[in-house]
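Listing of my_file_4.txt; format and content: compact mmCIF, N, CA and C atoms and all ligand atoms.
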# COMPACT_ATOMS: atom_id res chain seq x y z
N MET C 1063 14.02 -7.18 37.37
CA MET C 1063 12.63 -6.80 37.59
C MET C 1063 11.74 -7.34 36.47
N GLU C 1064 10.57 -7.78 36.86
CA GLU C 1064 9.61 -8.31 35.88
C GLU C 1064 9.03 -7.16 35.07
N THR C 1065 9.25 -7.20 33.77
CA THR C 1065 8.72 -6.11 32.96
C THR C 1065 7.61 -6.58 32.02
N ASN C 1066 7.25 -7.86 32.10
CA ASN C 1066 6.15 -8.34 31.27
C ASN C 1066 4.84 -7.89 31.90
N TYR C 1067 4.47 -6.70 31.60
CA TYR C 1067 3.33 -6.11 32.24
C TYR C 1067 2.02 -6.59 31.63
N THR C 1068 1.11 -7.02 32.49
CA THR C 1068 -0.19 -7.46 32.01
C THR C 1068 -1.13 -6.27 31.98
N LYS C 1069 -1.73 -6.03 30.84
CA LYS C 1069 -2.63 -4.88 30.72
C LYS C 1069 -3.88 -5.07 31.59
N THR C 1070 -4.32 -3.98 32.17
CA THR C 1070 -5.51 -4.06 33.00
C THR C 1070 -6.77 -3.98 32.15
N GLY C 1071 -6.65 -3.35 30.99
CA GLY C 1071 -7.83 -3.17 30.14
C GLY C 1071 -8.47 -1.80 30.36
N ILE C 1072 -7.99 -1.07 31.36
CA ILE C 1072 -8.48 0.31 31.56
C ILE C 1072 -7.39 1.24 31.03
N ARG C 1073 -7.70 1.93 29.93
CA ARG C 1073 -6.67 2.66 29.17
C ARG C 1073 -5.83 3.62 30.03
N VAL C 1074 -6.52 4.44 30.81
CA VAL C 1074 -5.81 5.44 31.61
C VAL C 1074 -4.80 4.78 32.54
N ILE C 1075 -5.21 3.69 33.17
CA ILE C 1075 -4.33 3.02 34.12
C ILE C 1075 -3.17 2.33 33.39
N ASP C 1076 -3.45 1.69 32.28
CA ASP C 1076 -2.38 1.05 31.51
C ASP C 1076 -1.34 2.07 31.03
N GLU C 1077 -1.82 3.19 30.53
CA GLU C 1077 -0.90 4.22 30.05
C GLU C 1077 0.04 4.68 31.14
N HIS C 1078 -0.53 4.88 32.31
CA HIS C 1078 0.30 5.42 33.38
C HIS C 1078 1.23 4.37 33.98
N HIS C 1079 0.79 3.13 34.00
CA HIS C 1079 1.69 2.07 34.47
C HIS C 1079 2.88 1.97 33.52
N ASN C 1080 2.59 2.06 32.22
CA ASN C 1080 3.67 2.00 31.24
C ASN C 1080 4.63 3.18 31.38
N LYS C 1081 4.06 4.33 31.70
CA LYS C 1081 4.89 5.52 31.88
C LYS C 1081 5.86 5.30 33.05
N LEU C 1082 5.35 4.74 34.14
CA LEU C 1082 6.22 4.49 35.30
C LEU C 1082 7.30 3.47 34.94
N LEU C 1083 6.92 2.44 34.22
CA LEU C 1083 7.92 1.44 33.80
C LEU C 1083 9.01 2.08 32.96
N SER C 1084 8.63 3.01 32.09
CA SER C 1084 9.65 3.64 31.24
C SER C 1084 10.57 4.53 32.07
N VAL C 1085 10.04 5.15 33.13
CA VAL C 1085 10.91 5.96 34.00
C VAL C 1085 11.90 5.03 34.73
N ILE C 1086 11.41 3.90 35.20
CA ILE C 1086 12.29 2.95 35.90
C ILE C 1086 13.40 2.45 34.96
N THR C 1087 13.01 2.15 33.72
CA THR C 1087 14.00 1.68 32.74
C THR C 1087 15.03 2.77 32.44
N SER C 1088 14.56 4.00 32.27
CA SER C 1088 15.53 5.05 31.96
C SER C 1088 16.44 5.33 33.15
N LEU C 1089 15.92 5.14 34.36
CA LEU C 1089 16.78 5.32 35.54
C LEU C 1089 17.86 4.23 35.58
N SER C 1090 17.52 3.01 35.21
CA SER C 1090 18.53 1.94 35.13
C SER C 1090 19.62 2.32 34.14
N ASP C 1091 19.21 2.86 32.99
CA ASP C 1091 20.19 3.27 31.97
C ASP C 1091 21.11 4.36 32.51
N ILE C 1092 20.51 5.31 33.22
CA ILE C 1092 21.30 6.42 33.78
C ILE C 1092 22.34 5.88 34.77
N ILE C 1093 21.90 4.92 35.59
CA ILE C 1093 22.83 4.33 36.57
C ILE C 1093 23.95 3.60 35.82
N ASN C 1094 23.59 2.83 34.80
CA ASN C 1094 24.60 2.09 34.03
C ASN C 1094 25.58 3.03 33.32
N LYS C 1095 25.08 4.15 32.85
CA LYS C 1095 25.95 5.11 32.13
C LYS C 1095 26.69 6.04 33.09
N LYS C 1096 26.44 5.84 34.40
CA LYS C 1096 27.04 6.70 35.45
C LYS C 1096 26.75 8.18 35.18
N ASN C 1097 25.50 8.45 34.87
CA ASN C 1097 25.12 9.80 34.45
C ASN C 1097 24.16 10.48 35.43
N CYS C 1098 24.16 10.04 36.68
CA CYS C 1098 23.20 10.57 37.65
C CYS C 1098 23.30 12.07 37.84
N LYS C 1099 24.51 12.56 37.88
CA LYS C 1099 24.75 13.97 38.13
C LYS C 1099 23.97 14.85 37.14
N VAL C 1100 23.95 14.43 35.91
CA VAL C 1100 23.33 15.23 34.86
C VAL C 1100 21.83 14.99 34.75
N GLU C 1101 21.41 13.74 34.94
CA GLU C 1101 20.05 13.40 34.53
C GLU C 1101 19.04 13.15 35.66
N LEU C 1102 19.50 13.11 36.89
CA LEU C 1102 18.57 12.75 37.96
C LEU C 1102 17.45 13.76 38.16
N PHE C 1103 17.79 15.04 38.01
CA PHE C 1103 16.77 16.08 38.18
C PHE C 1103 15.60 15.87 37.20
N GLU C 1104 15.96 15.53 35.97
CA GLU C 1104 14.95 15.30 34.94
C GLU C 1104 14.04 14.12 35.29
N VAL C 1105 14.62 13.11 35.91
CA VAL C 1105 13.83 11.94 36.32
C VAL C 1105 12.81 12.37 37.38
N PHE C 1106 13.24 13.21 38.31
CA PHE C 1106 12.30 13.69 39.33
C PHE C 1106 11.17 14.49 38.70
N GLN C 1107 11.50 15.30 37.71
CA GLN C 1107 10.46 16.08 37.03
C GLN C 1107 9.41 15.14 36.42
N LYS C 1108 9.90 14.08 35.78
CA LYS C 1108 8.98 13.10 35.16
C LYS C 1108 8.10 12.44 36.22
N LEU C 1109 8.69 12.15 37.37
CA LEU C 1109 7.93 11.47 38.43
C LEU C 1109 6.87 12.38 39.04
N VAL C 1110 7.21 13.65 39.17
CA VAL C 1110 6.23 14.60 39.71
C VAL C 1110 5.04 14.68 38.75
N LEU C 1111 5.33 14.76 37.45
CA LEU C 1111 4.26 14.79 36.44
C LEU C 1111 3.44 13.50 36.50
N TYR C 1112 4.13 12.38 36.62
CA TYR C 1112 3.47 11.08 36.71
C TYR C 1112 2.49 11.08 37.88
N ALA C 1113 2.99 11.48 39.05
CA ALA C 1113 2.16 11.44 40.25
C ALA C 1113 0.99 12.42 40.13
N GLU C 1114 1.28 13.63 39.65
CA GLU C 1114 0.22 14.64 39.53
C GLU C 1114 -0.91 14.16 38.61
N ASN C 1115 -0.52 13.64 37.45
CA ASN C 1115 -1.55 13.24 36.48
C ASN C 1115 -2.22 11.94 36.84
N TYR C 1116 -1.42 10.95 37.12
CA TYR C 1116 -1.97 9.61 37.31
C TYR C 1116 -2.81 9.50 38.57
N PHE C 1117 -2.30 10.01 39.68
CA PHE C 1117 -3.03 9.86 40.93
C PHE C 1117 -4.38 10.57 40.85
N VAL C 1118 -4.38 11.75 40.27
CA VAL C 1118 -5.64 12.51 40.16
C VAL C 1118 -6.66 11.73 39.32
N GLU C 1119 -6.21 11.21 38.19
CA GLU C 1119 -7.14 10.47 37.31
C GLU C 1119 -7.65 9.20 37.98
N GLU C 1120 -6.73 8.49 38.63
CA GLU C 1120 -7.13 7.24 39.29
C GLU C 1120 -8.08 7.52 40.47
N GLU C 1121 -7.77 8.55 41.23
CA GLU C 1121 -8.62 8.89 42.37
C GLU C 1121 -10.01 9.34 41.91
N TYR C 1122 -10.03 10.06 40.79
CA TYR C 1122 -11.31 10.48 40.22
C TYR C 1122 -12.17 9.27 39.86
N LEU C 1123 -11.54 8.31 39.17
CA LEU C 1123 -12.26 7.08 38.79
C LEU C 1123 -12.81 6.35 40.02
N MET C 1124 -11.98 6.27 41.06
CA MET C 1124 -12.41 5.57 42.28
C MET C 1124 -13.58 6.28 42.94
N GLN C 1125 -13.47 7.60 43.01
CA GLN C 1125 -14.53 8.38 43.67
C GLN C 1125 -15.84 8.30 42.90
N GLN C 1126 -15.73 8.45 41.58
CA GLN C 1126 -16.92 8.40 40.72
C GLN C 1126 -17.67 7.08 40.89
N ASN C 1127 -16.92 6.02 41.18
CA ASN C 1127 -17.54 4.70 41.27
C ASN C 1127 -17.70 4.23 42.72
N SER C 1128 -17.59 5.17 43.66
CA SER C 1128 -17.78 4.91 45.10
C SER C 1128 -16.98 3.69 45.59
N TYR C 1129 -15.70 3.70 45.27
CA TYR C 1129 -14.83 2.59 45.67
C TYR C 1129 -14.63 2.61 47.19
N LYS C 1130 -14.93 1.47 47.84
CA LYS C 1130 -14.93 1.48 49.31
C LYS C 1130 -13.52 1.64 49.91
N ASN C 1131 -12.49 1.22 49.18
CA ASN C 1131 -11.13 1.36 49.71
C ASN C 1131 -10.42 2.62 49.21
N PHE C 1132 -11.23 3.58 48.78
CA PHE C 1132 -10.64 4.81 48.22
C PHE C 1132 -9.65 5.48 49.18
N SER C 1133 -10.06 5.67 50.45
CA SER C 1133 -9.20 6.40 51.39
C SER C 1133 -7.86 5.69 51.60
N LYS C 1134 -7.94 4.37 51.72
CA LYS C 1134 -6.73 3.57 51.92
C LYS C 1134 -5.79 3.71 50.72
N HIS C 1135 -6.36 3.67 49.55
CA HIS C 1135 -5.58 3.78 48.32
C HIS C 1135 -4.95 5.17 48.21
N LYS C 1136 -5.75 6.18 48.55
CA LYS C 1136 -5.25 7.56 48.46
C LYS C 1136 -4.08 7.79 49.44
N ILE C 1137 -4.17 7.15 50.61
CA ILE C 1137 -3.08 7.27 51.58
C ILE C 1137 -1.76 6.78 50.96
N GLU C 1138 -1.85 5.68 50.20
CA GLU C 1138 -0.65 5.15 49.54
C GLU C 1138 -0.10 6.14 48.51
N HIS C 1139 -0.99 6.78 47.77
CA HIS C 1139 -0.54 7.80 46.81
C HIS C 1139 0.16 8.95 47.55
N ASN C 1140 -0.45 9.36 48.66
CA ASN C 1140 0.15 10.47 49.41
C ASN C 1140 1.52 10.10 49.96
N LYS C 1141 1.66 8.84 50.37
CA LYS C 1141 2.96 8.38 50.88
C LYS C 1141 4.02 8.43 49.77
N PHE C 1142 3.60 8.08 48.55
CA PHE C 1142 4.53 8.13 47.41
C PHE C 1142 5.03 9.56 47.21
N ILE C 1143 4.09 10.50 47.24
CA ILE C 1143 4.46 11.91 47.03
C ILE C 1143 5.39 12.38 48.14
N ALA C 1144 5.06 12.01 49.39
CA ALA C 1144 5.89 12.42 50.53
C ALA C 1144 7.31 11.87 50.39
N LYS C 1145 7.41 10.61 49.99
CA LYS C 1145 8.73 9.99 49.83
C LYS C 1145 9.52 10.67 48.71
N LEU C 1146 8.81 11.01 47.64
CA LEU C 1146 9.46 11.68 46.51
C LEU C 1146 10.02 13.04 46.94
N ILE C 1147 9.23 13.77 47.72
CA ILE C 1147 9.66 15.08 48.21
C ILE C 1147 10.89 14.92 49.11
N ASN C 1148 10.82 13.90 49.96
CA ASN C 1148 11.92 13.62 50.87
C ASN C 1148 13.21 13.26 50.11
N LEU C 1149 13.07 12.41 49.11
CA LEU C 1149 14.25 12.02 48.32
C LEU C 1149 14.82 13.21 47.56
N GLN C 1150 13.92 14.04 47.05
CA GLN C 1150 14.39 15.19 46.28
C GLN C 1150 15.12 16.20 47.18
N ALA C 1151 14.62 16.33 48.42
CA ALA C 1151 15.24 17.27 49.36
C ALA C 1151 16.65 16.81 49.74
N ASN C 1152 16.84 15.49 49.73
CA ASN C 1152 18.16 14.95 50.11
C ASN C 1152 19.02 14.57 48.91
N LEU C 1153 18.64 15.13 47.79
CA LEU C 1153 19.28 14.77 46.55
C LEU C 1153 20.74 15.24 46.48
N ASN C 1154 21.60 14.31 46.15
CA ASN C 1154 23.00 14.70 45.98
C ASN C 1154 23.47 14.52 44.54
N ASN C 1155 22.54 14.11 43.70
CA ASN C 1155 22.90 13.84 42.30
C ASN C 1155 24.08 12.90 42.16
N ASN C 1156 24.11 11.92 42.99
CA ASN C 1156 25.17 10.94 42.82
C ASN C 1156 24.56 9.56 42.63
N LYS C 1157 25.42 8.58 42.48
CA LYS C 1157 24.93 7.24 42.18
C LYS C 1157 24.02 6.71 43.30
N ASN C 1158 24.37 7.02 44.55
CA ASN C 1158 23.53 6.52 45.65
C ASN C 1158 22.11 7.05 45.57
N SER C 1159 21.98 8.32 45.21
CA SER C 1159 20.63 8.89 45.07
C SER C 1159 19.86 8.17 43.97
N CYS C 1160 20.56 7.91 42.87
CA CYS C 1160 19.94 7.21 41.75
C CYS C 1160 19.50 5.81 42.16
N VAL C 1161 20.38 5.11 42.85
CA VAL C 1161 20.08 3.73 43.23
C VAL C 1161 18.93 3.71 44.25
N GLU C 1162 18.96 4.64 45.19
CA GLU C 1162 17.90 4.69 46.20
C GLU C 1162 16.54 4.96 45.54
N LEU C 1163 16.54 5.90 44.61
CA LEU C 1163 15.29 6.21 43.91
C LEU C 1163 14.83 5.00 43.09
N HIS C 1164 15.76 4.36 42.44
CA HIS C 1164 15.42 3.19 41.62
C HIS C 1164 14.80 2.09 42.49
N GLU C 1165 15.43 1.83 43.64
CA GLU C 1165 14.90 0.77 44.54
C GLU C 1165 13.50 1.13 45.03
N PHE C 1166 13.33 2.41 45.37
CA PHE C 1166 12.02 2.86 45.83
C PHE C 1166 10.95 2.66 44.75
N LEU C 1167 11.28 3.00 43.51
CA LEU C 1167 10.31 2.88 42.41
C LEU C 1167 9.98 1.42 42.10
N VAL C 1168 10.99 0.56 42.16
CA VAL C 1168 10.74 -0.86 41.90
C VAL C 1168 9.81 -1.41 43.00
N ARG C 1169 10.09 -1.05 44.25
CA ARG C 1169 9.22 -1.50 45.36
C ARG C 1169 7.80 -0.99 45.17
N TRP C 1170 7.71 0.29 44.80
CA TRP C 1170 6.39 0.90 44.57
C TRP C 1170 5.66 0.17 43.45
N TYR C 1171 6.37 -0.08 42.38
CA TYR C 1171 5.76 -0.77 41.24
C TYR C 1171 5.24 -2.14 41.68
N GLU C 1172 6.11 -2.88 42.36
CA GLU C 1172 5.73 -4.24 42.75
C GLU C 1172 4.60 -4.25 43.78
N LYS C 1173 4.67 -3.33 44.73
CA LYS C 1173 3.66 -3.35 45.79
C LYS C 1173 2.38 -2.61 45.38
N HIS C 1174 2.55 -1.36 45.02
CA HIS C 1174 1.34 -0.57 44.75
C HIS C 1174 0.60 -1.01 43.49
N ILE C 1175 1.34 -1.11 42.41
CA ILE C 1175 0.69 -1.41 41.13
C ILE C 1175 0.10 -2.81 41.16
N VAL C 1176 0.86 -3.74 41.68
CA VAL C 1176 0.37 -5.11 41.66
C VAL C 1176 -0.76 -5.30 42.69
N GLU C 1177 -0.56 -4.81 43.91
CA GLU C 1177 -1.60 -5.04 44.93
C GLU C 1177 -2.76 -4.06 44.84
N TYR C 1178 -2.46 -2.80 45.08
CA TYR C 1178 -3.55 -1.81 45.19
C TYR C 1178 -4.25 -1.57 43.87
N ASP C 1179 -3.46 -1.29 42.83
CA ASP C 1179 -4.11 -0.94 41.58
C ASP C 1179 -4.87 -2.12 41.00
N ASN C 1180 -4.34 -3.31 41.13
CA ASN C 1180 -5.05 -4.46 40.58
C ASN C 1180 -6.37 -4.72 41.29
N ASN C 1181 -6.39 -4.56 42.61
CA ASN C 1181 -7.66 -4.70 43.33
C ASN C 1181 -8.65 -3.65 42.87
N THR C 1182 -8.13 -2.44 42.69
CA THR C 1182 -8.98 -1.34 42.26
C THR C 1182 -9.52 -1.60 40.85
N VAL C 1183 -8.64 -2.09 39.98
CA VAL C 1183 -9.02 -2.37 38.60
C VAL C 1183 -10.15 -3.40 38.56
N GLU C 1184 -10.02 -4.44 39.35
CA GLU C 1184 -11.07 -5.47 39.38
C GLU C 1184 -12.41 -4.85 39.73
N PHE C 1185 -12.38 -3.99 40.75
CA PHE C 1185 -13.60 -3.32 41.17
C PHE C 1185 -14.14 -2.43 40.05
N LEU C 1186 -13.27 -1.61 39.48
CA LEU C 1186 -13.71 -0.66 38.44
C LEU C 1186 -14.29 -1.37 37.23
N LYS C 1187 -13.67 -2.48 36.87
CA LYS C 1187 -14.17 -3.21 35.70
C LYS C 1187 -15.59 -3.72 35.95
N SER C 1188 -15.84 -4.15 37.17
CA SER C 1188 -17.20 -4.65 37.46
C SER C 1188 -18.21 -3.52 37.42
N LYS C 1189 -17.75 -2.28 37.65
CA LYS C 1189 -18.65 -1.13 37.66
C LYS C 1189 -18.83 -0.55 36.26
N ILE C 1190 -17.73 -0.48 35.52
CA ILE C 1190 -17.75 0.19 34.24
C ILE C 1190 -18.45 -0.64 33.17
N LYS C 1191 -18.24 -1.97 33.22
CA LYS C 1191 -18.84 -2.82 32.16
C LYS C 1191 -20.29 -3.14 32.46
FE FE J 1 -2.86 3.77 42.68

Starting from the file, lay out its structure as C-alpha cells.
Ligand SMILES: [Fe+2]
Amino acid sequence: METNYTKTGIRVIDEHHNKLLSVITSLSDIINKKNCKVELFEVFQKLVLYAENYFVEEEYLMQQNSYKNFSKHKIEHNKFIAKLINLQANLNNNKNSCVELHEFLVRWYEKHIVEYDNNTVEFLKSKIK
C-alpha cells in the first residue's frame, strides 16, 4: 500500500488521515504477529473513535462552506459506519476477520480519501483562503 501521504494543507483532515493510516499499519502488525484474537477489539474501538470524530468535523466544514456534494460525501461516511458495524457484529477475532477489516480499510483509504476527500479539500481550500 502507498503510504507516502500527500498533505492536504487542512490540519484537521491531515490529522485524521494520518490517524487512519496508523490504524491500518497497526492492523498489518497485528496480522503479522498473529495476534488478532487479543487485539482486534481494540482496533475497532479506534475506528469507531476515528469515524465519530473525523466524520463530524469534516461534515461540519462541508456544511459551513455550503459544499454542493455534501450529501453524496455524507452517504459514503454512513456506508463506512454501516460496514464497520456489520464487520464488528460478525467478528470472530481470528485472522480472517483481521484480514477482511484490513482489506476494507485499504479500499476505503484508496477510494474515499483519495477521491472524495481530495475533491472536498480542493473546494474547501478555495473557500477558506
Ligand atoms: Fe470524507

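The spacing separating atom C of Lys1189 (chain C) from atom N of Lys1136 (chain C) amounts to 19.2 Å.
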
Proximity check chain C to ligand FE 1 (chain J), 7 Å, nearest pairs one decimal Å, only C-alpha atoms and all ligand atoms, as a Markdown table:
| residue | atom | partner | partner_atom | distance |
| --- | --- | --- | --- | --- |
| C:Phe1117 | CA | J:FE1 | FE | 6.3 |
| C:Glu1120 | CA | J:FE1 | FE | 6.5 |
| C:His1135 | CA | J:FE1 | FE | 6.3 |
| C:His1139 | CA | J:FE1 | FE | 6.2 |
| C:His1174 | CA | J:FE1 | FE | 6.4 |
| C:Ile1175 | CA | J:FE1 | FE | 6.5 |
| C:Tyr1178 | CA | J:FE1 | FE | 6.2 |
| C:Asp1179 | CA | J:FE1 | FE | 5.0 |

- Within 6.5 Å of region 1084-1098 of chain C using all atoms listed in the file, minus same-chain residues under 4 positions, as a ChimeraX atom specification: /C:1079-1080,1102-1103,1155-1157,1160

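Interatomic distance, CA of His1164 (chain C) to CA of Asn1140 (chain C): 18.6 Å.
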
- Query: Rounded to one decimal in Å, what is the spacing between CA of Phe1106 (chain C) and CA of Lys1081 (chain C)?
  - Reply: 13.3 Å

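Closest to Phe1166 (chain C) among C:Lys1069, C:Phe1142, C:Asn1181, C:Glu1077 is C:Phe1142, based on only C-alpha atoms.
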
Would you give the centre and edge lengths, in Å to one decimal, of a box along x, y and z around the listed atoms of region 1142-1154 of chain C, with 5 Å added to each side, as AutoDock Vina command-line options?
--center_x 13.5 --center_y 12.7 --center_z 47.7 --size_x 29.9 --size_y 19.2 --size_z 16.3

- Can you list, as a PyMOL selection string, all residues belonging to chain C that DSSP tags as alpha helix (DSSP H)? chain C and resi 1073-1094+1098-1126+1132-1151+1157-1170+1180-1190

Excluding Asn1127 (chain C) and residues on its chain fewer than 3 positions from it, collect all residues at most 9 Å away from it, counting only C-alpha atoms, and give them as a JSON list (two decimals) with N, CA and C atoms, keeping the file's coordinate frame.
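Generated output (result-v8.json):
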[["chain", "number", "residue", "atom", "x", "y", "z"],
["C", 1122, "TYR", "N", -10.03, 10.06, 40.79],
["C", 1122, "TYR", "CA", -11.31, 10.48, 40.22],
["C", 1122, "TYR", "C", -12.17, 9.27, 39.86],
["C", 1123, "LEU", "N", -11.54, 8.31, 39.17],
["C", 1123, "LEU", "CA", -12.26, 7.08, 38.79],
["C", 1123, "LEU", "C", -12.81, 6.35, 40.02],
["C", 1124, "MET", "N", -11.98, 6.27, 41.06],
["C", 1124, "MET", "CA", -12.41, 5.57, 42.28],
["C", 1124, "MET", "C", -13.58, 6.28, 42.94],
["C", 1185, "PHE", "N", -12.38, -3.99, 40.75],
["C", 1185, "PHE", "CA", -13.60, -3.32, 41.17],
["C", 1185, "PHE", "C", -14.14, -2.43, 40.05],
["C", 1186, "LEU", "N", -13.27, -1.61, 39.48],
["C", 1186, "LEU", "CA", -13.71, -0.66, 38.44],
["C", 1186, "LEU", "C", -14.29, -1.37, 37.23],
["C", 1189, "LYS", "N", -17.75, -2.28, 37.65],
["C", 1189, "LYS", "CA", -18.65, -1.13, 37.66],
["C", 1189, "LYS", "C", -18.83, -0.55, 36.26],
["C", 1190, "ILE", "N", -17.73, -0.48, 35.52],
["C", 1190, "ILE", "CA", -17.75, 0.19, 34.24],
["C", 1190, "ILE", "C", -18.45, -0.64, 33.17]]

- Message: Measuring between only C-alpha atoms, which one of C:Glu1184, C:Glu1114, C:Glu1121, C:Glu1138 shows the shortest distance to Trp1170 (chain C)?
- Response: C:Glu1138
